[in-house]
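Okay, structure_23.cif now, which holds mmCIF, C-alpha atoms and all ligand atoms:
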```
data_data
#
loop_
_atom_site.group_PDB
_atom_site.id
_atom_site.type_symbol
_atom_site.label_atom_id
_atom_site.label_comp_id
_atom_site.auth_asym_id
_atom_site.auth_seq_id
_atom_site.Cartn_x
_atom_site.Cartn_y
_atom_site.Cartn_z
ATOM 1 C CA MET A 1 141.416 56.554 71.925
ATOM 2 C CA SER A 2 144.395 55.086 73.728
ATOM 3 C CA LYS A 3 147.361 53.127 72.437
ATOM 4 C CA LEU A 4 147.446 49.396 73.025
ATOM 5 C CA ILE A 5 150.469 48.054 74.889
ATOM 6 C CA ASP A 6 151.202 44.790 73.125
ATOM 7 C CA GLY A 7 152.455 42.316 75.727
ATOM 8 C CA LYS A 8 152.706 39.461 73.237
ATOM 9 C CA ALA A 9 155.096 41.405 71.012
ATOM 10 C CA ALA A 10 157.152 42.648 73.974
ATOM 11 C CA ALA A 11 157.368 39.114 75.401
ATOM 12 C CA GLN A 12 158.472 37.748 72.027
ATOM 13 C CA SER A 13 161.195 40.377 71.894
ATOM 14 C CA VAL A 14 162.441 39.388 75.384
ATOM 15 C CA ILE A 15 162.398 35.707 74.374
ATOM 16 C CA GLU A 16 164.507 36.448 71.276
ATOM 17 C CA GLN A 17 167.027 38.245 73.500
ATOM 18 C CA VAL A 18 167.044 35.363 75.987
ATOM 19 C CA LYS A 19 167.751 32.946 73.121
ATOM 20 C CA SER A 20 170.640 35.049 71.895
ATOM 21 C CA ALA A 21 172.072 35.453 75.444
ATOM 22 C CA THR A 22 171.750 31.677 75.850
ATOM 23 C CA GLY A 23 173.726 31.204 72.625
ATOM 24 C CA VAL A 24 176.482 33.543 73.843
ATOM 25 C CA LEU A 25 176.620 31.799 77.240
ATOM 26 C CA GLN A 26 176.886 28.367 75.657
ATOM 27 C CA HIS A 27 179.532 29.523 73.197
ATOM 28 C CA GLU A 28 181.679 31.226 75.861
ATOM 29 C CA THR A 29 181.337 28.779 78.764
ATOM 30 C CA GLY A 30 179.595 25.620 77.522
ATOM 31 C CA THR A 31 176.797 26.247 80.063
ATOM 32 C CA VAL A 32 173.179 25.475 79.166
ATOM 33 C CA PRO A 33 170.714 27.330 81.454
ATOM 34 C CA GLY A 34 168.651 24.897 83.513
ATOM 35 C CA ILE A 35 165.291 25.396 85.169
ATOM 36 C CA ALA A 36 163.355 23.126 87.538
ATOM 37 C CA VAL A 37 159.629 23.754 87.912
ATOM 38 C CA VAL A 38 157.885 22.125 90.866
ATOM 39 C CA ILE A 39 154.128 21.707 91.121
ATOM 40 C CA VAL A 40 152.246 20.131 94.016
ATOM 41 C CA GLY A 41 148.701 18.878 93.460
ATOM 42 C CA GLU A 42 146.179 19.074 90.662
ATOM 43 C CA ASP A 43 145.072 22.720 90.455
ATOM 44 C CA PRO A 44 144.057 23.017 86.752
ATOM 45 C CA ALA A 45 145.138 26.655 86.320
ATOM 46 C CA SER A 46 148.538 25.934 87.900
ATOM 47 C CA LYS A 47 148.973 22.920 85.602
ATOM 48 C CA VAL A 48 148.372 25.107 82.547
ATOM 49 C CA TYR A 49 150.856 27.754 83.764
ATOM 50 C CA VAL A 50 153.516 25.172 84.590
ATOM 51 C CA ALA A 51 153.132 23.424 81.230
ATOM 52 C CA SER A 52 153.655 26.708 79.381
ATOM 53 C CA LYS A 53 156.697 27.556 81.525
ATOM 54 C CA SER A 54 158.275 24.161 80.741
ATOM 55 C CA ARG A 55 157.410 24.517 77.029
ATOM 56 C CA MET A 56 158.934 27.989 76.785
ATOM 57 C CA ALA A 57 162.087 26.844 78.626
ATOM 58 C CA LYS A 58 162.584 24.153 75.984
ATOM 59 C CA GLU A 59 161.984 26.689 73.203
ATOM 60 C CA CYS A 60 164.711 28.893 74.703
ATOM 61 C CA GLY A 61 167.135 25.948 74.548
ATOM 62 C CA PHE A 62 167.215 25.425 78.331
ATOM 63 C CA HIS A 63 167.671 22.194 80.236
ATOM 64 C CA SER A 64 164.158 21.930 81.692
ATOM 65 C CA VAL A 65 162.865 19.546 84.347
ATOM 66 C CA GLN A 66 159.416 19.406 85.872
ATOM 67 C CA HIS A 67 158.599 17.754 89.205
ATOM 68 C CA ASP A 68 154.934 16.850 89.712
ATOM 69 C CA LEU A 69 154.276 16.061 93.369
ATOM 70 C CA SER A 70 151.014 14.648 94.678
ATOM 71 C CA THR A 71 148.683 16.767 96.822
ATOM 72 C CA GLU A 72 149.515 14.512 99.784
ATOM 73 C CA SER A 73 153.238 15.365 99.637
ATOM 74 C CA SER A 74 154.575 16.657 102.935
ATOM 75 C CA GLU A 75 156.575 19.801 103.656
ATOM 76 C CA VAL A 76 159.593 17.551 104.281
ATOM 77 C CA ASP A 77 159.172 15.911 100.840
ATOM 78 C CA LEU A 78 159.233 19.339 99.238
ATOM 79 C CA LEU A 79 162.160 20.599 101.331
ATOM 80 C CA THR A 80 164.114 17.462 100.410
ATOM 81 C CA LEU A 81 163.490 18.051 96.697
ATOM 82 C CA ILE A 82 164.527 21.707 96.987
ATOM 83 C CA GLY A 83 167.725 20.624 98.740
ATOM 84 C CA ILE A 84 168.518 18.303 95.812
ATOM 85 C CA LEU A 85 167.776 21.027 93.229
ATOM 86 C CA ASN A 86 169.830 23.595 95.184
ATOM 87 C CA ALA A 87 172.813 21.231 94.932
ATOM 88 C CA ASP A 88 172.325 20.290 91.246
ATOM 89 C CA PRO A 89 174.805 22.214 89.058
ATOM 90 C CA ARG A 90 172.605 21.713 85.943
ATOM 91 C CA VAL A 91 169.774 23.625 87.607
ATOM 92 C CA HIS A 92 170.228 27.414 87.690
ATOM 93 C CA GLY A 93 166.629 28.391 88.426
ATOM 94 C CA ILE A 94 164.014 26.814 90.712
ATOM 95 C CA LEU A 95 160.332 27.714 90.606
ATOM 96 C CA VAL A 96 157.779 26.276 93.023
ATOM 97 C CA GLN A 97 154.357 27.013 91.575
ATOM 98 C CA LEU A 98 151.953 28.763 93.958
ATOM 99 C CA PRO A 99 149.501 28.261 95.535
ATOM 100 C CA LEU A 100 150.692 25.234 97.506
ATOM 101 C CA PRO A 101 148.178 22.979 99.308
ATOM 102 C CA PRO A 102 147.096 24.466 102.657
ATOM 103 C CA HIS A 103 148.978 21.923 104.799
ATOM 104 C CA ILE A 104 152.293 23.222 103.414
ATOM 105 C CA ASP A 105 153.864 26.430 104.749
ATOM 106 C CA SER A 106 154.605 28.312 101.500
ATOM 107 C CA GLY A 107 156.890 30.811 103.231
ATOM 108 C CA ARG A 108 159.099 28.053 104.624
ATOM 109 C CA ILE A 109 159.324 26.374 101.207
ATOM 110 C CA LEU A 110 160.131 29.545 99.268
ATOM 111 C CA GLN A 111 162.842 30.582 101.739
ATOM 112 C CA ALA A 112 164.532 27.172 101.315
ATOM 113 C CA ILE A 113 165.391 27.978 97.676
ATOM 114 C CA ALA A 114 169.000 29.113 97.252
ATOM 115 C CA PRO A 115 168.838 32.891 96.572
ATOM 116 C CA GLU A 116 171.098 32.515 93.514
ATOM 117 C CA LYS A 117 168.546 30.055 92.026
ATOM 118 C CA ASP A 118 165.471 32.007 93.160
ATOM 119 C CA VAL A 119 164.229 33.054 89.707
ATOM 120 C CA ASP A 120 160.867 34.074 91.230
ATOM 121 C CA GLY A 121 162.612 36.663 93.407
ATOM 122 C CA PHE A 122 160.731 35.608 96.551
ATOM 123 C CA THR A 123 163.607 34.890 98.975
ATOM 124 C CA PHE A 124 164.457 37.482 101.611
ATOM 125 C CA VAL A 125 167.837 38.075 99.938
ATOM 126 C CA ASN A 126 166.236 39.055 96.626
ATOM 127 C CA VAL A 127 163.373 40.985 98.256
ATOM 128 C CA GLY A 128 165.977 42.881 100.296
ATOM 129 C CA LYS A 129 168.111 43.644 97.259
ATOM 130 C CA LEU A 130 165.109 45.037 95.411
ATOM 131 C CA GLY A 131 164.027 47.067 98.448
ATOM 132 C CA THR A 132 167.470 48.624 98.801
ATOM 133 C CA GLY A 133 167.907 49.324 95.092
ATOM 134 C CA GLU A 134 170.493 46.554 94.420
ATOM 135 C CA ILE A 135 168.524 45.633 91.339
ATOM 136 C CA ALA A 136 171.360 44.628 89.016
ATOM 137 C CA SER A 137 172.254 41.561 91.077
ATOM 138 C CA ALA A 138 168.698 40.842 92.317
ATOM 139 C CA PHE A 139 166.158 38.449 90.880
ATOM 140 C CA VAL A 140 163.070 40.593 90.470
ATOM 141 C CA PRO A 141 159.652 38.825 90.550
ATOM 142 C CA CYS A 142 158.626 38.036 86.980
ATOM 143 C CA THR A 143 155.262 39.820 86.698
ATOM 144 C CA PRO A 144 156.503 43.160 88.120
ATOM 145 C CA ALA A 145 159.656 42.938 85.991
ATOM 146 C CA GLY A 146 157.446 42.416 82.926
ATOM 147 C CA CYS A 147 155.224 45.365 83.870
ATOM 148 C CA MET A 148 158.285 47.618 83.998
ATOM 149 C CA ILE A 149 159.310 46.618 80.477
ATOM 150 C CA LEU A 150 155.834 47.447 79.192
ATOM 151 C CA LEU A 151 155.947 50.777 81.036
ATOM 152 C CA GLU A 152 159.383 51.492 79.623
ATOM 153 C CA GLY A 153 157.969 51.153 76.096
ATOM 154 C CA ALA A 154 155.184 53.616 76.929
ATOM 155 C CA ARG A 155 156.919 56.189 79.193
ATOM 156 C CA GLY A 156 160.662 55.483 78.946
ATOM 157 C CA ARG A 157 162.975 54.295 81.710
ATOM 158 C CA ASP A 158 163.072 57.463 83.763
ATOM 159 C CA LEU A 159 159.739 58.152 85.466
ATOM 160 C CA SER A 160 160.931 61.306 87.283
ATOM 161 C CA GLY A 161 158.103 63.688 88.066
ATOM 162 C CA LEU A 162 155.395 61.121 87.309
ATOM 163 C CA SER A 163 152.875 59.989 89.862
ATOM 164 C CA ALA A 164 152.320 56.208 89.995
ATOM 165 C CA VAL A 165 149.515 54.456 91.851
ATOM 166 C CA VAL A 166 149.741 50.722 92.552
ATOM 167 C CA LEU A 167 146.440 49.058 93.460
ATOM 168 C CA GLY A 168 147.259 46.015 95.563
ATOM 169 C CA ARG A 169 149.976 45.233 98.109
ATOM 170 C CA SER A 170 150.790 41.565 97.490
ATOM 171 C CA ASN A 171 154.328 40.273 97.895
ATOM 172 C CA ILE A 172 154.234 38.874 94.334
ATOM 173 C CA VAL A 173 153.118 42.026 92.500
ATOM 174 C CA GLY A 174 152.098 45.132 94.485
ATOM 175 C CA LYS A 175 155.103 45.551 96.770
ATOM 176 C CA PRO A 176 157.820 44.667 94.235
ATOM 177 C CA ILE A 177 156.320 46.884 91.547
ATOM 178 C CA ALA A 178 156.146 49.778 94.003
ATOM 179 C CA ASN A 179 159.881 49.319 94.637
ATOM 180 C CA LEU A 180 160.658 49.153 90.912
ATOM 181 C CA LEU A 181 158.649 52.322 90.249
ATOM 182 C CA LEU A 182 160.511 54.067 93.078
ATOM 183 C CA ALA A 183 163.828 52.930 91.616
ATOM 184 C CA ALA A 184 162.705 54.479 88.298
ATOM 185 C CA HIS A 185 162.114 57.787 90.195
ATOM 186 C CA ALA A 186 158.302 57.790 90.104
ATOM 187 C CA THR A 187 156.355 59.188 93.062
ATOM 188 C CA VAL A 188 154.554 56.091 94.310
ATOM 189 C CA THR A 189 151.292 55.529 96.195
ATOM 190 C CA VAL A 190 150.280 51.988 97.163
ATOM 191 C CA ALA A 191 146.517 51.667 97.613
ATOM 192 C CA HIS A 192 144.637 48.581 98.787
ATOM 193 C CA SER A 193 141.347 47.203 100.054
ATOM 194 C CA ARG A 194 141.388 49.465 103.130
ATOM 195 C CA THR A 195 142.257 52.661 101.269
ATOM 196 C CA LYS A 196 139.591 55.385 101.321
ATOM 197 C CA ASP A 197 138.338 56.803 98.034
ATOM 198 C CA LEU A 198 140.330 54.679 95.620
ATOM 199 C CA ALA A 199 138.755 56.448 92.640
ATOM 200 C CA ALA A 200 140.127 59.857 93.649
ATOM 201 C CA ILE A 201 143.600 58.415 94.257
ATOM 202 C CA CYS A 202 143.583 56.696 90.864
ATOM 203 C CA ARG A 203 142.482 59.903 89.103
ATOM 204 C CA ALA A 204 145.771 61.531 90.167
ATOM 205 C CA ALA A 205 147.897 58.774 88.608
ATOM 206 C CA ASP A 206 150.026 59.290 85.499
ATOM 207 C CA ILE A 207 150.771 55.568 85.799
ATOM 208 C CA LEU A 208 148.171 53.188 87.211
ATOM 209 C CA VAL A 209 149.053 49.559 87.962
ATOM 210 C CA ALA A 210 146.047 47.430 88.943
ATOM 211 C CA ALA A 211 146.817 44.171 90.772
ATOM 212 C CA VAL A 212 143.848 43.462 93.029
ATOM 213 C CA GLY A 213 142.222 40.400 91.446
ATOM 214 C CA ARG A 214 138.763 41.994 91.198
ATOM 215 C CA PRO A 215 137.171 41.831 87.760
ATOM 216 C CA GLU A 216 136.845 45.260 86.114
ATOM 217 C CA MET A 217 136.975 47.113 89.430
ATOM 218 C CA VAL A 218 138.760 50.125 87.938
ATOM 219 C CA ARG A 219 136.239 52.133 85.918
ATOM 220 C CA GLY A 220 136.896 54.464 83.000
ATOM 221 C CA ASP A 221 136.290 57.638 85.011
ATOM 222 C CA TRP A 222 138.976 56.573 87.530
ATOM 223 C CA ILE A 223 141.620 57.127 84.840
ATOM 224 C CA LYS A 224 143.458 60.432 84.473
ATOM 225 C CA PRO A 225 143.258 61.477 80.796
ATOM 226 C CA GLY A 226 146.438 60.324 79.055
ATOM 227 C CA ALA A 227 147.532 57.995 81.883
ATOM 228 C CA THR A 228 149.386 54.737 81.260
ATOM 229 C CA VAL A 229 147.392 51.794 82.617
ATOM 230 C CA ILE A 230 148.968 48.415 83.380
ATOM 231 C CA ASP A 231 146.371 45.759 84.195
ATOM 232 C CA VAL A 232 147.829 42.767 86.046
ATOM 233 C CA GLY A 233 144.453 41.127 86.753
ATOM 234 C CA ILE A 234 143.508 37.785 85.217
ATOM 235 C CA ASN A 235 139.923 37.050 86.301
ATOM 236 C CA ARG A 236 137.634 34.393 84.852
ATOM 237 C CA VAL A 237 134.018 35.583 84.746
ATOM 238 C CA SER A 238 130.872 34.056 83.342
ATOM 239 C CA ALA A 239 129.983 35.124 79.798
ATOM 240 C CA PRO A 240 126.361 34.145 79.089
ATOM 241 C CA ASP A 241 126.523 36.148 75.825
ATOM 242 C CA LYS A 242 128.938 33.455 74.527
ATOM 243 C CA GLY A 243 126.546 30.648 75.465
ATOM 244 C CA GLN A 244 125.383 28.848 78.574
ATOM 245 C CA GLY A 245 128.189 28.043 81.031
ATOM 246 C CA LYS A 246 130.784 29.951 78.969
ATOM 247 C CA THR A 247 133.424 32.161 80.564
ATOM 248 C CA ARG A 248 135.885 34.845 79.553
ATOM 249 C CA ILE A 249 139.022 36.369 81.042
ATOM 250 C CA VAL A 250 138.911 40.022 82.104
ATOM 251 C CA GLY A 251 141.369 42.233 83.935
ATOM 252 C CA ASP A 252 141.038 44.421 87.032
ATOM 253 C CA VAL A 253 140.312 47.374 84.722
ATOM 254 C CA ALA A 254 137.107 47.865 82.694
ATOM 255 C CA TYR A 255 139.066 47.912 79.438
ATOM 256 C CA ALA A 256 136.504 49.376 77.023
ATOM 257 C CA GLU A 257 135.771 52.323 79.316
ATOM 258 C CA ALA A 258 139.353 52.865 80.428
ATOM 259 C CA SER A 259 140.715 52.904 76.892
ATOM 260 C CA GLU A 260 138.568 56.004 76.223
ATOM 261 C CA TRP A 261 140.644 57.890 78.840
ATOM 262 C CA ALA A 262 144.059 56.275 78.999
ATOM 263 C CA GLY A 263 147.013 57.344 76.862
ATOM 264 C CA ALA A 264 148.170 53.710 76.687
ATOM 265 C CA ILE A 265 146.741 50.534 78.217
ATOM 266 C CA THR A 266 147.484 46.808 78.419
ATOM 267 C CA PRO A 267 144.711 44.478 77.219
ATOM 268 C CA VAL A 268 143.680 41.314 79.083
ATOM 269 C CA PRO A 269 144.553 38.813 77.760
ATOM 270 C CA GLY A 270 147.647 39.762 75.747
ATOM 271 C CA GLY A 271 149.137 42.403 78.048
ATOM 272 C CA VAL A 272 151.046 41.574 81.222
ATOM 273 C CA GLY A 273 150.320 37.795 81.065
ATOM 274 C CA PRO A 274 152.814 36.841 78.329
ATOM 275 C CA MET A 275 155.511 38.949 80.018
ATOM 276 C CA THR A 276 155.532 36.818 83.178
ATOM 277 C CA ILE A 277 156.837 33.711 81.419
ATOM 278 C CA ALA A 278 159.265 35.731 79.304
ATOM 279 C CA MET A 279 160.781 37.284 82.442
ATOM 280 C CA LEU A 280 161.067 33.851 84.076
ATOM 281 C CA MET A 281 163.192 32.808 81.090
ATOM 282 C CA ALA A 282 165.233 36.024 81.396
ATOM 283 C CA ASN A 283 165.810 35.427 85.134
ATOM 284 C CA THR A 284 166.883 31.831 84.491
ATOM 285 C CA ALA A 285 169.340 32.892 81.784
ATOM 286 C CA LYS A 286 170.650 35.573 84.185
ATOM 287 C CA ALA A 287 171.107 32.970 86.971
ATOM 288 C CA ALA A 288 173.083 30.720 84.588
ATOM 289 C CA TRP A 289 175.124 33.707 83.385
ATOM 290 C CA ILE A 290 176.103 34.679 86.954
ATOM 291 C CA ALA A 291 176.787 31.033 87.928
ATOM 292 C CA SER A 292 179.181 30.773 84.959
ATOM 293 C CA GLY A 293 181.196 33.739 86.207
ATOM 294 C CA LEU A 294 180.343 36.123 83.355
ATOM 295 C CA GLU A 295 179.839 39.864 83.954
ATOM 296 C CA ILE A 296 176.232 40.730 84.745
ATOM 297 C CA ALA A 297 176.643 44.081 82.979
ATOM 298 C CA ASP A 298 177.191 42.181 79.713
ATOM 299 C CA PHE A 299 173.986 40.200 80.255
ATOM 300 C CA ASP A 300 172.035 43.419 80.876
ATOM 301 C CA THR A 301 173.419 44.877 77.655
ATOM 302 C CA LEU A 302 172.212 41.809 75.732
ATOM 303 C CA LEU A 303 168.760 42.016 77.312
ATOM 304 C CA CYS A 304 168.078 45.740 77.221
ATOM 305 C CA ASP A 305 167.967 46.358 73.487
ATOM 306 C CA ARG A 306 164.192 46.124 73.259
ATOM 307 C CA GLY A 307 162.008 47.274 70.437
ATOM 308 C CA PRO A 308 158.816 49.306 70.925
ATOM 309 C CA CYS A 309 155.858 47.522 72.497
ATOM 310 C CA VAL A 310 153.243 50.271 72.129
ATOM 311 C CA THR A 311 151.045 50.337 69.042
ATOM 312 C CA PRO A 312 147.982 52.426 68.130
ATOM 313 C CA SER A 313 144.876 50.422 69.012
HETATM 314 N N1 LIG A 401 151.450 31.518 90.892
HETATM 315 C C1 LIG A 401 150.913 32.620 90.320
HETATM 316 N N2 LIG A 401 151.893 33.499 89.962
HETATM 317 C C2 LIG A 401 153.073 32.918 90.331
HETATM 318 C C3 LIG A 401 154.421 33.334 90.223
HETATM 319 O O1 LIG A 401 154.757 34.418 89.730
HETATM 320 N N3 LIG A 401 155.344 32.449 90.715
HETATM 321 C C4 LIG A 401 154.995 31.267 91.279
HETATM 322 N N4 LIG A 401 155.974 30.490 91.732
HETATM 323 N N5 LIG A 401 153.746 30.845 91.390
HETATM 324 C C5 LIG A 401 152.789 31.676 90.913
#
```
What is this structure when it is put down as structure tokens?
Amino acid sequence: MSKLIDGKAAAQSVIEQVKSATGVLQHETGTVPGIAVVIVGEDPASKVYVASKSRMAKECGFHSVQHDLSTESSEVDLLTLIGILNADPRVHGILVQLPLPPHIDSGRILQAIAPEKDVDGFTFVNVGKLGTGEIASAFVPCTPAGCMILLEGARGRDLSGLSAVVLGRSNIVGKPIANLLLAAHATVTVAHSRTKDLAAICRAADILVAAVGRPEMVRGDWIKPGATVIDVGINRVSAPDKGQGKTRIVGDVAYAEASEWAGAITPVPGGVGPMTIAMLMANTAKAAWIASGLEIADFDTLLCDRGPCVTPS
């Protein structure tokens, strides 16, 4: 039986560290970290995510503003708002919730965010820093950054000699996590929808990160015995056993089967999910720290003293 990687506990630990870094920042410079979250349209899932981001920002003691734009807003409306937020000294982090309505060019919008306020890590400057190993000064996308903290609890920081397989090649998760795993010295394979014999590739993985958005695609016998499995998937599926019309959330990994093989595994929900918001708070505090002229090394010291996040399941 595998160990459960407790994302809720790890996220809580990051949040406590963000609160204490925020206290130090305020004491030393008078700066309160500020975050602006922008949402366009009425997508219910996005509304839930954005509400929890704004709530957590307040809990961390941040200055938090939310901009709700109508679905009919134009690209120019959004670019104008980003220009205002880029110039606002109280705002250190800007997050534009994705997906945007189809008439808006998401790439153009994301690249308009000032790189030093890009707490999602999506601008070319931050993507380039991550790709070239300049991680200390980069903003790393929140979900991959959270995955690495969970992995660190299970396997340590140095992944030398370990084989890691990333399922999925998205810009938000697959590609950045591949770069982070490389920076931690793992030997990395990125597999995707056009890869032949995914099962065989997964069976060679000491570390398997699944980020494909396909409910329970990864089966138990795809897992190398003792492997660490990080499941990024959040898929809503119908659950007739719970009653007519009911649903449940499952990951990209068939958890019950996989936990018979894995050494350690993240559950869904309660694994990677809570880490995404925690890392958004950490990135915002980091942006405020850098903007205030403090040493980034001191921020990293405050944020790296993490307790264990792996417990027997
Ligand atoms: N939508 C789903 N995940 C994300 C994310 O990490 N950042 C943003 N901005 N939107 C998202």
Around ligand LIG 401 (chain A), at most 8 Å away and counting only C-alpha atoms and all ligand atoms, which residues are there? Put them as JSON, numbers by chain, please.
{"A": [46, 95, 96, 97, 98, 99, 120, 141, 142, 143, 172, 276]}
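Atom pair atom CA of A:Gln26 / atom CA of A:Leu294: separated by 11.5 Å.
Residue nearest A:Ala258, chosen from A:Leu69, A:Ala288, A:Val218, A:Leu198 and counting all atoms listed in the file: A:Val218.
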The PyMOL selection byres (((chain A and resi 180) around 10) and not hetatm) - which residues does that actually catch in the file I just gave you? List them as a VMD selection string.
chain A and resid 130 to 131 133 135 140 144 to 145 147 to 148 175 to 179 181 to 186 188
I'd like the neighbourhood of A:Val65 as number ranges by chain, where a residue qualifies if any of its atoms comes within 7 Å (using only C-alpha atoms), though same-chain residues fewer than 3 positions away should be ignored.
A: 35-37
Please list, as a PDB file with C-alpha atoms, in the coordinates of the input, the residues that have an atom at most 8 Å away from (167.7, 40.5, 88.7) in the coordinates of this file, counting only C-alpha atoms.
```pdb
ATOM      1  CA  GLY A 121     162.612  36.663  93.407  1.00  0.00           C
ATOM      2  CA  ILE A 135     168.524  45.633  91.339  1.00  0.00           C
ATOM      3  CA  ALA A 136     171.360  44.628  89.016  1.00  0.00           C
ATOM      4  CA  SER A 137     172.254  41.561  91.077  1.00  0.00           C
ATOM      5  CA  ALA A 138     168.698  40.842  92.317  1.00  0.00           C
ATOM      6  CA  PHE A 139     166.158  38.449  90.880  1.00  0.00           C
ATOM      7  CA  VAL A 140     163.070  40.593  90.470  1.00  0.00           C
ATOM      8  CA  ASN A 283     165.810  35.427  85.134  1.00  0.00           C
ATOM      9  CA  LYS A 286     170.650  35.573  84.185  1.00  0.00           C
TER      10      LYS A 286
END
```
Hey, what comes out of the PyMOL selection byres (((chain A and resi 114) around 10) and not hetatm) on this file? Could you write it as a PDB file with C-alpha atoms, keeping the file's coordinate frame?
```pdb
ATOM      1  CA  ILE A  82     164.527  21.707  96.987  1.00  0.00           C
ATOM      2  CA  GLY A  83     167.725  20.624  98.740  1.00  0.00           C
ATOM      3  CA  LEU A  85     167.776  21.027  93.229  1.00  0.00           C
ATOM      4  CA  ASN A  86     169.830  23.595  95.184  1.00  0.00           C
ATOM      5  CA  ALA A  87     172.813  21.231  94.932  1.00  0.00           C
ATOM      6  CA  HIS A  92     170.228  27.414  87.690  1.00  0.00           C
ATOM      7  CA  GLY A  93     166.629  28.391  88.426  1.00  0.00           C
ATOM      8  CA  ILE A  94     164.014  26.814  90.712  1.00  0.00           C
ATOM      9  CA  LEU A 110     160.131  29.545  99.268  1.00  0.00           C
ATOM     10  CA  GLN A 111     162.842  30.582 101.739  1.00  0.00           C
ATOM     11  CA  ALA A 112     164.532  27.172 101.315  1.00  0.00           C
ATOM     12  CA  ILE A 113     165.391  27.978  97.676  1.00  0.00           C
ATOM     13  CA  PRO A 115     168.838  32.891  96.572  1.00  0.00           C
ATOM     14  CA  GLU A 116     171.098  32.515  93.514  1.00  0.00           C
ATOM     15  CA  LYS A 117     168.546  30.055  92.026  1.00  0.00           C
ATOM     16  CA  ASP A 118     165.471  32.007  93.160  1.00  0.00           C
ATOM     17  CA  VAL A 119     164.229  33.054  89.707  1.00  0.00           C
ATOM     18  CA  THR A 123     163.607  34.890  98.975  1.00  0.00           C
ATOM     19  CA  VAL A 125     167.837  38.075  99.938  1.00  0.00           C
TER      20      VAL A 125
END
```
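With distances restricted to only C-alpha atoms, A:Val229 is the closest residue to A:Lys3 from A:Ile234, A:Val272, A:Val229, A:Val212.
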Can you report as AutoDock Vina command-line options the centre and edge lengths in Å, to one decimal, of an axis-aligned box around the listed atoms of stretch 281-291 of chain A padded with 4 Å on each side?
```
--center_x 170.0 --center_y 33.4 --center_z 84.5 --size_x 21.6 --size_y 13.3 --size_z 14.8
```
